[in-house]
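What follows is one structure encoded as structure tokens, with my remarks underneath.
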Amino acid sequence: SISVTGLQMAQAYLTLLNNGVFKPLRLTRDDGGVVEAHTRVYAETAVRQVMHMMRDVVEEKDGTGKRARVDGLLVAGKTGTAQKADHRSGTYGSKRLASFVGFFPADKPRYLILVMVDEPSRNQYGGVVAAPVFKEIASRTVTYTGMLASTSADEAADKPKAAAA
């Protein structure tokens with residue numbers, strides 16, 4: 001049996017988002033805090049492949065994370081459904097831990113959100129229970145930060161202008 005904490009999961013995915021370079025989780029001030037040296041722990045090609053697969057989990061029609069989609073934003077993520085051990089019997093019982101970890105924008109990540117739902121009462125799958133919570137948090141983050149407005153302005157600036165005839 002393998003057990004990890006939410007912070008350990010977030011650290012693993014943060015390393016993926018940093019193109020395979022391990023940067024320890026830390027609390028930061030508004031100014032970004034201290035810059036530290038970092039070590040590559042994932043190959044860049046592996047990082048690109050995994051990030052592409054995580055994007056498909058959310059963006060593909062039949063992806064298990066499709067409930068995490070946010071209109072106007074490219075999202076990537078991974079669903080999870082773990083069996084919980086029954087400590088009395090020493091076996092796995094019927095209780096579950098549903099999770100969804102996602103990041104956005106998928107092509108240039110700025111935000112990572114991990115949602116864990118302990119012993120959901122109805123459906124026990126991460127894509128059904130935790131992904132919609134991610135969507136709500138991500139949507140509010142996008143609204144709060146004005147991310148879509150700034151992304152649209154950036155895209156407009158990058159598009160070539162038509163010359164007047």
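Ordered as shown in the structure tokens, chains take letters A, B, and onward, while each chain numbers its residues from 1 and ligands are numbered from 1 in the order shown.
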Give me the residues within 6 Å of region 77-88 of chain A as a PyMOL selection string, counting only C-alpha atoms and dropping any in the same chain fewer than 2 places off.
chain A and resi 54+90-93+95-102+125-127
May I have the residues within 7 Å of region 9-19 of chain A as a PDB file with N, CA and C atoms, in the first residue's frame, using only C-alpha atoms and disregarding those fewer than 5 positions away in the same chain?
```pdb
ATOM      1  N   VAL A   4       0.185   8.862   0.273  1.00  0.00           N
ATOM      2  CA  VAL A   4       0.796  10.178   0.099  1.00  0.00           C
ATOM      3  C   VAL A   4      -0.152  11.229   0.643  1.00  0.00           C
ATOM      4  N   LEU A  25       7.935  23.128  -2.359  1.00  0.00           N
ATOM      5  CA  LEU A  25       6.808  23.987  -2.012  1.00  0.00           C
ATOM      6  C   LEU A  25       7.234  24.934  -0.906  1.00  0.00           C
ATOM      7  N   GLU A  44      12.661  16.520 -19.863  1.00  0.00           N
ATOM      8  CA  GLU A  44      11.738  17.454 -20.518  1.00  0.00           C
ATOM      9  C   GLU A  44      10.765  16.740 -21.454  1.00  0.00           C
ATOM     10  N   VAL A  47       8.051  15.190 -19.417  1.00  0.00           N
ATOM     11  CA  VAL A  47       7.166  16.241 -18.898  1.00  0.00           C
ATOM     12  C   VAL A  47       6.157  16.645 -19.963  1.00  0.00           C
ATOM     13  N   PRO A 109       1.324  27.004 -17.484  1.00  0.00           N
ATOM     14  CA  PRO A 109       0.689  26.923 -16.161  1.00  0.00           C
ATOM     15  C   PRO A 109       1.054  28.058 -15.209  1.00  0.00           C
ATOM     16  N   LEU A 114      -5.416  21.314  -6.102  1.00  0.00           N
ATOM     17  CA  LEU A 114      -5.642  19.919  -5.724  1.00  0.00           C
ATOM     18  C   LEU A 114      -6.897  19.862  -4.869  1.00  0.00           C
TER      19      LEU A 114
END
```
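Near Ser139 (chain A), within 12 Å and counting only C-alpha atoms, sit A:Ala68, A:Arg69, A:Val70, A:Asp71, A:Gly72, A:Leu73, A:Leu74, A:Val75, A:Phe103, A:Phe104, A:Pro105, A:Tyr111, A:Ile113, A:Pro132, A:Val133, A:Thr145, A:Gly146, A:Met147, A:Leu148, not including residues fewer than 6 positions from it in the same chain.
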From a DSSP calculation on the backbone, collect every residue of region 19-69 of chain A in strand (DSSP E or B) and output the set as a ChimeraX atom specification.
/A:21-22,39-40
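For the pair CA of Phe22 (chain A) and CA of Arg110 (chain A), the separation is 16.0 Å.
For the atom pair formed by CA of Lys23 (chain A) and CA of Val41 (chain A), the distance is 9.8 Å, given to one decimal.
Every residue of region 71-135 of chain A found in helix (DSSP H, G or I) when DSSP is run on the backbone appears here: Gly126, Gly127, Val128, Val129, Ala131, Pro132, Val133, Phe134 and Lys135 of chain A.
Note that the spacing between CA of Thr141 (chain A) and CA of Val128 (chain A) amounts to 20.7 Å.
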Excluding same-chain residues fewer than 3 positions from Thr45 (chain A), what lies within 12 Å of it counting only C-alpha atoms, as a PyMOL selection string?
chain A and resi 16+19-20+42+48-52
